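Single-structure report; data block below.
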Amino acid sequence: VSSRMGLNKMLLEIGGKTIIERVAGLMTGVFENVLLSTNDFEIYRSLSLPMIGDVYKGHGPLSGIHASLIASPTNRNFFLSCDLPLMSEEMIRHIIEYKTVQPISIPSANERMQHLCGIYQKSLVPVIENILSDSIHLKKENGKSAASVKKLIEKAGAEIIETGSLPFYKEDLFFNMNSPDDFEIIKQKNLE
């Protein structure tokens, strides 16, 4: 359940499909192997996707990236948060085809790095485990997790892919749905 939304936003419907169905459909249209990172398997069982739960619970999206990288059979893995329900296949393909030696490739849009839309390599698992281990000790002291995707990017390095000048770029692609107002904006888009 999203604290800002007050309910499970992935089950909200737009154009006859839930947010999670839209994102899962996009991902299965691009990739042969799609994993769903969640700690609530029952809700998403109808998607018929392999589901991966966090090894380190309570440490946010970095925990999901970690568990998914461990479970994935491939070195390069594309991650997309369901908070970005307007993402396009063209943008995903641009990101995955972008040549870099960095272990992370993420887009930048609206002068903001989009941490939860990009490539993360399996080789990052030990780095993530160090961040999570440090965070566990800090969480015991102050009750908050210090683990973050931003911290991973700082430690491992990342290719930041500028997207604003791409011919298929639309500002809506990176519209992050976090509140009831955001959902109302997305509903006005008349998505099919």
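Please note that chains go A, B, ... in the order of the structure tokens, that every chain numbers its residues from 1, and that ligands are numbered from 1 in the order shown.
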Problem - All residues 12 Å or closer to range 126-128 of chain A, only C-alpha atoms, same chain fewer than 5 positions away omitted, as a VMD selection string - result: chain A and resid 55 to 56 59 61 to 70 103 120 to 121 133 to 135 146 to 157
Deliver the residues from the most recent selection as a file, using N, CA and C atoms, as a PDB file, in the first residue's frame.
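File produced: out.pdb:
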```pdb
ATOM      1  N   VAL A  55      15.289 -10.184  -0.321  1.00  0.00           N
ATOM      2  CA  VAL A  55      16.124 -10.917   0.635  1.00  0.00           C
ATOM      3  C   VAL A  55      16.265 -10.052   1.886  1.00  0.00           C
ATOM      4  N   TYR A  56      16.530  -8.754   1.670  1.00  0.00           N
ATOM      5  CA  TYR A  56      16.640  -7.768   2.743  1.00  0.00           C
ATOM      6  C   TYR A  56      15.377  -6.919   2.730  1.00  0.00           C
ATOM      7  N   HIS A  59      14.123  -2.158   2.997  1.00  0.00           N
ATOM      8  CA  HIS A  59      15.179  -1.253   2.533  1.00  0.00           C
ATOM      9  C   HIS A  59      14.866  -0.679   1.154  1.00  0.00           C
ATOM     10  N   PRO A  61      13.513   0.233  -2.750  1.00  0.00           N
ATOM     11  CA  PRO A  61      13.752  -0.308  -4.099  1.00  0.00           C
ATOM     12  C   PRO A  61      15.096  -1.012  -4.266  1.00  0.00           C
ATOM     13  N   LEU A  62      16.106  -0.603  -3.505  1.00  0.00           N
ATOM     14  CA  LEU A  62      17.410  -1.253  -3.636  1.00  0.00           C
ATOM     15  C   LEU A  62      17.313  -2.735  -3.276  1.00  0.00           C
ATOM     16  N   SER A  63      16.456  -3.072  -2.319  1.00  0.00           N
ATOM     17  CA  SER A  63      16.240  -4.481  -1.954  1.00  0.00           C
ATOM     18  C   SER A  63      15.653  -5.267  -3.118  1.00  0.00           C
ATOM     19  N   GLY A  64      14.720  -4.647  -3.846  1.00  0.00           N
ATOM     20  CA  GLY A  64      14.115  -5.303  -5.006  1.00  0.00           C
ATOM     21  C   GLY A  64      15.112  -5.499  -6.134  1.00  0.00           C
ATOM     22  N   ILE A  65      15.951  -4.498  -6.377  1.00  0.00           N
ATOM     23  CA  ILE A  65      16.997  -4.631  -7.402  1.00  0.00           C
ATOM     24  C   ILE A  65      17.938  -5.757  -7.015  1.00  0.00           C
ATOM     25  N   HIS A  66      18.347  -5.790  -5.757  1.00  0.00           N
ATOM     26  CA  HIS A  66      19.258  -6.828  -5.265  1.00  0.00           C
ATOM     27  C   HIS A  66      18.688  -8.227  -5.481  1.00  0.00           C
ATOM     28  N   ALA A  67      17.475  -8.468  -5.000  1.00  0.00           N
ATOM     29  CA  ALA A  67      16.865  -9.804  -5.111  1.00  0.00           C
ATOM     30  C   ALA A  67      16.669 -10.194  -6.571  1.00  0.00           C
ATOM     31  N   SER A  68      16.280  -9.237  -7.392  1.00  0.00           N
ATOM     32  CA  SER A  68      16.045  -9.520  -8.809  1.00  0.00           C
ATOM     33  C   SER A  68      17.342  -9.850  -9.538  1.00  0.00           C
ATOM     34  N   LEU A  69      18.421  -9.135  -9.216  1.00  0.00           N
ATOM     35  CA  LEU A  69      19.716  -9.440  -9.843  1.00  0.00           C
ATOM     36  C   LEU A  69      20.190 -10.835  -9.461  1.00  0.00           C
ATOM     37  N   ILE A  70      19.988 -11.214  -8.221  1.00  0.00           N
ATOM     38  CA  ILE A  70      20.374 -12.566  -7.791  1.00  0.00           C
ATOM     39  C   ILE A  70      19.583 -13.610  -8.576  1.00  0.00           C
ATOM     40  N   PRO A 103      28.316  -0.050 -15.135  1.00  0.00           N
ATOM     41  CA  PRO A 103      27.440  -1.137 -14.681  1.00  0.00           C
ATOM     42  C   PRO A 103      25.976  -0.733 -14.551  1.00  0.00           C
ATOM     43  N   TYR A 120      20.823  -2.408 -14.807  1.00  0.00           N
ATOM     44  CA  TYR A 120      21.682  -2.712 -13.661  1.00  0.00           C
ATOM     45  C   TYR A 120      22.305  -4.079 -13.918  1.00  0.00           C
ATOM     46  N   GLN A 121      23.637  -4.155 -13.805  1.00  0.00           N
ATOM     47  CA  GLN A 121      24.328  -5.412 -14.073  1.00  0.00           C
ATOM     48  C   GLN A 121      24.396  -6.293 -12.829  1.00  0.00           C
ATOM     49  N   SER A 133      24.105  -4.076   4.025  1.00  0.00           N
ATOM     50  CA  SER A 133      24.683  -4.482   5.306  1.00  0.00           C
ATOM     51  C   SER A 133      24.940  -3.263   6.191  1.00  0.00           C
ATOM     52  N   ASP A 134      25.538  -2.218   5.605  1.00  0.00           N
ATOM     53  CA  ASP A 134      25.765  -0.982   6.360  1.00  0.00           C
ATOM     54  C   ASP A 134      24.438  -0.383   6.821  1.00  0.00           C
ATOM     55  N   SER A 135      23.444  -0.439   5.959  1.00  0.00           N
ATOM     56  CA  SER A 135      22.143   0.138   6.266  1.00  0.00           C
ATOM     57  C   SER A 135      21.445  -0.606   7.402  1.00  0.00           C
ATOM     58  N   ALA A 146      19.260   3.367   5.384  1.00  0.00           N
ATOM     59  CA  ALA A 146      20.124   4.286   4.635  1.00  0.00           C
ATOM     60  C   ALA A 146      20.403   3.742   3.237  1.00  0.00           C
ATOM     61  N   ALA A 147      19.800   2.608   2.914  1.00  0.00           N
ATOM     62  CA  ALA A 147      20.025   2.000   1.594  1.00  0.00           C
ATOM     63  C   ALA A 147      19.227   2.769   0.553  1.00  0.00           C
ATOM     64  N   SER A 148      19.882   3.086  -0.553  1.00  0.00           N
ATOM     65  CA  SER A 148      19.169   3.767  -1.623  1.00  0.00           C
ATOM     66  C   SER A 148      19.834   3.470  -2.953  1.00  0.00           C
ATOM     67  N   VAL A 149      19.048   3.582  -4.012  1.00  0.00           N
ATOM     68  CA  VAL A 149      19.579   3.396  -5.358  1.00  0.00           C
ATOM     69  C   VAL A 149      20.567   4.523  -5.649  1.00  0.00           C
ATOM     70  N   LYS A 150      20.292   5.694  -5.145  1.00  0.00           N
ATOM     71  CA  LYS A 150      21.202   6.828  -5.335  1.00  0.00           C
ATOM     72  C   LYS A 150      22.583   6.507  -4.759  1.00  0.00           C
ATOM     73  N   LYS A 151      22.616   5.888  -3.588  1.00  0.00           N
ATOM     74  CA  LYS A 151      23.892   5.511  -2.969  1.00  0.00           C
ATOM     75  C   LYS A 151      24.625   4.484  -3.843  1.00  0.00           C
ATOM     76  N   LEU A 152      23.884   3.548  -4.428  1.00  0.00           N
ATOM     77  CA  LEU A 152      24.490   2.564  -5.326  1.00  0.00           C
ATOM     78  C   LEU A 152      25.125   3.261  -6.525  1.00  0.00           C
ATOM     79  N   ILE A 153      24.427   4.212  -7.095  1.00  0.00           N
ATOM     80  CA  ILE A 153      24.949   4.943  -8.256  1.00  0.00           C
ATOM     81  C   ILE A 153      26.217   5.703  -7.882  1.00  0.00           C
ATOM     82  N   GLU A 154      26.237   6.299  -6.703  1.00  0.00           N
ATOM     83  CA  GLU A 154      27.423   7.012  -6.234  1.00  0.00           C
ATOM     84  C   GLU A 154      28.612   6.071  -6.089  1.00  0.00           C
ATOM     85  N   LYS A 155      28.378   4.872  -5.577  1.00  0.00           N
ATOM     86  CA  LYS A 155      29.471   3.922  -5.346  1.00  0.00           C
ATOM     87  C   LYS A 155      29.934   3.223  -6.617  1.00  0.00           C
ATOM     88  N   ALA A 156      28.995   2.843  -7.476  1.00  0.00           N
ATOM     89  CA  ALA A 156      29.336   2.005  -8.634  1.00  0.00           C
ATOM     90  C   ALA A 156      29.577   2.801  -9.916  1.00  0.00           C
ATOM     91  N   GLY A 157      29.014   3.978 -10.017  1.00  0.00           N
ATOM     92  CA  GLY A 157      29.116   4.760 -11.248  1.00  0.00           C
ATOM     93  C   GLY A 157      27.985   4.400 -12.202  1.00  0.00           C
TER      94      GLY A 157
END
```
Exercise for the section: Determine which residues of range 40-152 of chain A receive a DSSP assignment of alpha helix (DSSP H), computed from the backbone, and state them as number ranges by chain. Expected result: A: 41-44, 61-71, 89-97, 125-142, 149-152
Selection to disk with N, CA and C atoms, as a tab-separated table (two decimals), in the first residue's frame:
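Output contents, as saved in out_36.tsv:
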```tsv
chain	number	residue	atom	x	y	z
A	41	PHE	N	3.01	-11.71	-3.07
A	41	PHE	CA	2.81	-12.60	-4.22
A	41	PHE	C	1.34	-12.82	-4.58
A	42	GLU	N	0.48	-12.94	-3.60
A	42	GLU	CA	-0.92	-13.29	-3.86
A	42	GLU	C	-1.62	-12.26	-4.75
A	43	ILE	N	-1.37	-11.00	-4.51
A	43	ILE	CA	-2.05	-9.94	-5.26
A	43	ILE	C	-1.74	-10.01	-6.75
A	44	TYR	N	-0.52	-10.43	-7.10
A	44	TYR	CA	-0.09	-10.37	-8.50
A	44	TYR	C	-0.03	-11.73	-9.19
A	61	PRO	N	13.51	0.23	-2.75
A	61	PRO	CA	13.75	-0.31	-4.10
A	61	PRO	C	15.10	-1.01	-4.27
A	62	LEU	N	16.11	-0.60	-3.50
A	62	LEU	CA	17.41	-1.25	-3.64
A	62	LEU	C	17.31	-2.73	-3.28
A	63	SER	N	16.46	-3.07	-2.32
A	63	SER	CA	16.24	-4.48	-1.95
A	63	SER	C	15.65	-5.27	-3.12
A	64	GLY	N	14.72	-4.65	-3.85
A	64	GLY	CA	14.11	-5.30	-5.01
A	64	GLY	C	15.11	-5.50	-6.13
A	65	ILE	N	15.95	-4.50	-6.38
A	65	ILE	CA	17.00	-4.63	-7.40
A	65	ILE	C	17.94	-5.76	-7.01
A	66	HIS	N	18.35	-5.79	-5.76
A	66	HIS	CA	19.26	-6.83	-5.27
A	66	HIS	C	18.69	-8.23	-5.48
A	67	ALA	N	17.47	-8.47	-5.00
A	67	ALA	CA	16.87	-9.80	-5.11
A	67	ALA	C	16.67	-10.19	-6.57
A	68	SER	N	16.28	-9.24	-7.39
A	68	SER	CA	16.05	-9.52	-8.81
A	68	SER	C	17.34	-9.85	-9.54
A	69	LEU	N	18.42	-9.14	-9.22
A	69	LEU	CA	19.72	-9.44	-9.84
A	69	LEU	C	20.19	-10.83	-9.46
A	70	ILE	N	19.99	-11.21	-8.22
A	70	ILE	CA	20.37	-12.57	-7.79
A	70	ILE	C	19.58	-13.61	-8.58
A	71	ALA	N	18.30	-13.38	-8.75
A	71	ALA	CA	17.42	-14.36	-9.42
A	71	ALA	C	17.57	-14.37	-10.94
A	89	GLU	N	7.90	1.74	-25.25
A	89	GLU	CA	8.81	0.72	-25.77
A	89	GLU	C	10.02	1.38	-26.43
A	90	GLU	N	9.81	2.50	-27.13
A	90	GLU	CA	10.93	3.19	-27.80
A	90	GLU	C	11.99	3.63	-26.80
A	91	MET	N	11.55	4.18	-25.68
A	91	MET	CA	12.51	4.64	-24.67
A	91	MET	C	13.24	3.46	-24.05
A	92	ILE	N	12.52	2.39	-23.75
A	92	ILE	CA	13.17	1.20	-23.19
A	92	ILE	C	14.23	0.68	-24.15
A	93	ARG	N	13.88	0.57	-25.43
A	93	ARG	CA	14.84	0.05	-26.41
A	93	ARG	C	16.05	0.98	-26.54
A	94	HIS	N	15.83	2.28	-26.46
A	94	HIS	CA	16.95	3.22	-26.53
A	94	HIS	C	17.91	2.99	-25.36
A	95	ILE	N	17.37	2.82	-24.18
A	95	ILE	CA	18.20	2.62	-22.98
A	95	ILE	C	18.97	1.31	-23.07
A	96	ILE	N	18.31	0.23	-23.49
A	96	ILE	CA	19.00	-1.06	-23.52
A	96	ILE	C	20.02	-1.16	-24.65
A	97	GLU	N	19.86	-0.36	-25.69
A	97	GLU	CA	20.80	-0.39	-26.81
A	97	GLU	C	21.94	0.62	-26.66
A	125	VAL	N	25.80	-6.97	-7.42
A	125	VAL	CA	25.27	-7.63	-6.21
A	125	VAL	C	26.17	-7.42	-4.99
A	126	PRO	N	27.50	-7.64	-5.07
A	126	PRO	CA	28.33	-7.42	-3.87
A	126	PRO	C	28.31	-5.97	-3.38
A	127	VAL	N	28.29	-5.01	-4.29
A	127	VAL	CA	28.24	-3.60	-3.90
A	127	VAL	C	26.92	-3.31	-3.17
A	128	ILE	N	25.82	-3.84	-3.73
A	128	ILE	CA	24.51	-3.63	-3.09
A	128	ILE	C	24.48	-4.29	-1.72
A	129	GLU	N	25.06	-5.48	-1.62
A	129	GLU	CA	25.07	-6.17	-0.32
A	129	GLU	C	25.85	-5.38	0.73
A	130	ASN	N	26.93	-4.72	0.32
A	130	ASN	CA	27.67	-3.87	1.26
A	130	ASN	C	26.82	-2.70	1.72
A	131	ILE	N	26.11	-2.07	0.78
A	131	ILE	CA	25.24	-0.94	1.13
A	131	ILE	C	24.14	-1.41	2.07
A	132	LEU	N	23.51	-2.55	1.75
A	132	LEU	CA	22.43	-3.06	2.58
A	132	LEU	C	22.93	-3.47	3.96
A	133	SER	N	24.11	-4.08	4.02
A	133	SER	CA	24.68	-4.48	5.31
A	133	SER	C	24.94	-3.26	6.19
A	134	ASP	N	25.54	-2.22	5.61
A	134	ASP	CA	25.76	-0.98	6.36
A	134	ASP	C	24.44	-0.38	6.82
A	135	SER	N	23.44	-0.44	5.96
A	135	SER	CA	22.14	0.14	6.27
A	135	SER	C	21.44	-0.61	7.40
A	136	ILE	N	21.62	-1.92	7.45
A	136	ILE	CA	21.01	-2.72	8.52
A	136	ILE	C	21.52	-2.25	9.88
A	137	HIS	N	22.83	-2.00	9.96
A	137	HIS	CA	23.41	-1.53	11.23
A	137	HIS	C	22.90	-0.13	11.58
A	138	LEU	N	22.82	0.75	10.59
A	138	LEU	CA	22.31	2.11	10.83
A	138	LEU	C	20.84	2.09	11.20
A	139	LYS	N	20.06	1.19	10.57
A	139	LYS	CA	18.62	1.12	10.85
A	139	LYS	C	18.38	0.69	12.30
A	140	LYS	N	19.25	-0.19	12.80
A	140	LYS	CA	19.12	-0.62	14.19
A	140	LYS	C	19.35	0.56	15.14
A	141	GLU	N	20.21	1.48	14.73
A	141	GLU	CA	20.53	2.63	15.57
A	141	GLU	C	19.46	3.72	15.51
A	142	ASN	N	19.00	4.05	14.31
A	142	ASN	CA	18.07	5.18	14.20
A	142	ASN	C	16.71	4.85	13.59
A	149	VAL	N	19.05	3.58	-4.01
A	149	VAL	CA	19.58	3.40	-5.36
A	149	VAL	C	20.57	4.52	-5.65
A	150	LYS	N	20.29	5.69	-5.15
A	150	LYS	CA	21.20	6.83	-5.34
A	150	LYS	C	22.58	6.51	-4.76
A	151	LYS	N	22.62	5.89	-3.59
A	151	LYS	CA	23.89	5.51	-2.97
A	151	LYS	C	24.63	4.48	-3.84
A	152	LEU	N	23.88	3.55	-4.43
A	152	LEU	CA	24.49	2.56	-5.33
A	152	LEU	C	25.13	3.26	-6.53
```
Exercise for the section: Compile the contact shell of Glu21 in chain A as a ChimeraX atom specification: residues with an atom at most 9 Å away, counting only C-alpha atoms, same-chain residues fewer than 5 positions apart removed. Expected result: /A:10-11,26,47
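Using only C-alpha atoms, the protein and nucleic acid residues lying no more than 8 Å from Ile14 in chain A, apart from those fewer than 4 places from it along its own chain, are Thr18, Ile19, Ile186, Lys187 and Leu191 of chain A.
Distances to Val101 in chain A were evaluated for A:Ile160, A:Ser37, A:Phe79, A:Gly60 using only C-alpha atoms, and the minimum falls at A:Ile160.
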Practice task
Find the spatial neighbours of Ile161 in chain A, counting only C-alpha atoms, within a cut-off of 12 Å - ignore same-chain residues fewer than 4 positions away - and output them as a PyMOL selection string.
Solution key: chain A and resi 91-92+94-100+102+104-109+111-115+117-119+165-166
Contacts of Met51 in chain A at 7 Å (only C-alpha atoms; same-chain gap of 2+ positions) as a compact mmCIF listing (two decimals) with N, CA and C atoms, in the first residue's frame:
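Result saved to part-v9.txt:
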```txt
# COMPACT_ATOMS: atom_id res chain seq x y z
N LEU A 35 10.72 -10.61 -14.62
CA LEU A 35 10.50 -10.95 -13.22
C LEU A 35 9.77 -9.80 -12.56
N LEU A 36 8.91 -10.11 -11.63
CA LEU A 36 8.19 -9.09 -10.87
C LEU A 36 8.75 -9.06 -9.46
N SER A 37 9.30 -7.93 -9.07
CA SER A 37 9.83 -7.76 -7.72
C SER A 37 8.69 -7.30 -6.82
N THR A 38 8.34 -8.14 -5.85
CA THR A 38 7.25 -7.82 -4.92
C THR A 38 7.40 -8.65 -3.65
N PHE A 41 3.01 -11.71 -3.07
CA PHE A 41 2.81 -12.60 -4.22
C PHE A 41 1.34 -12.82 -4.58
N LEU A 49 3.59 -14.15 -13.89
CA LEU A 49 5.01 -13.82 -14.02
C LEU A 49 5.76 -14.40 -12.83
N GLY A 53 10.82 -12.04 -4.13
CA GLY A 53 10.69 -11.26 -2.90
C GLY A 53 12.04 -10.77 -2.43
```
Can you check which residues of range 110-177 of chain A DSSP gives as strand (DSSP E) on the backbone and send them as a compact mmCIF listing (two decimals) with N, CA and C atoms, in the first residue's frame?
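The file below, states-v4.txt, is the result:
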```
# COMPACT_ATOMS: atom_id res chain seq x y z
N ARG A 112 16.32 15.37 -14.02
CA ARG A 112 16.33 14.42 -12.90
C ARG A 112 16.73 13.05 -13.40
N MET A 113 17.62 12.41 -12.65
CA MET A 113 17.97 11.03 -12.96
C MET A 113 16.78 10.15 -12.61
N CYS A 117 14.45 3.22 -13.75
CA CYS A 117 14.19 2.93 -15.16
C CYS A 117 15.55 2.82 -15.82
N GLY A 118 16.08 1.61 -15.88
CA GLY A 118 17.39 1.48 -16.49
C GLY A 118 18.02 0.12 -16.30
N ILE A 119 19.26 0.05 -16.76
CA ILE A 119 20.03 -1.19 -16.74
C ILE A 119 20.88 -1.26 -15.47
N TYR A 120 20.82 -2.41 -14.81
CA TYR A 120 21.68 -2.71 -13.66
C TYR A 120 22.30 -4.08 -13.92
N GLN A 121 23.64 -4.16 -13.80
CA GLN A 121 24.33 -5.41 -14.07
C GLN A 121 24.40 -6.29 -12.83
N GLU A 159 26.09 5.45 -16.26
CA GLU A 159 25.94 6.21 -17.50
C GLU A 159 24.60 6.91 -17.42
N ILE A 160 24.62 8.23 -17.51
CA ILE A 160 23.37 8.99 -17.47
C ILE A 160 23.02 9.33 -18.92
N ILE A 161 21.90 8.81 -19.37
CA ILE A 161 21.47 8.96 -20.76
C ILE A 161 20.50 10.14 -20.86
N GLU A 162 20.93 11.19 -21.55
CA GLU A 162 20.06 12.34 -21.74
C GLU A 162 18.96 11.97 -22.74
```
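Of note, CA of Asp172 in chain A and CA of Leu86 in chain A are spaced 6.4 Å apart.
With only C-alpha atoms as the atoms that count, the residue of A:Ile52, A:Leu84, A:Met27, A:Leu124 with the shortest distance to Lys9 in chain A is A:Leu84.
Picture a line from CA of Pro50 in chain A to CA of Val34 in chain A; it runs 7.3 Å.
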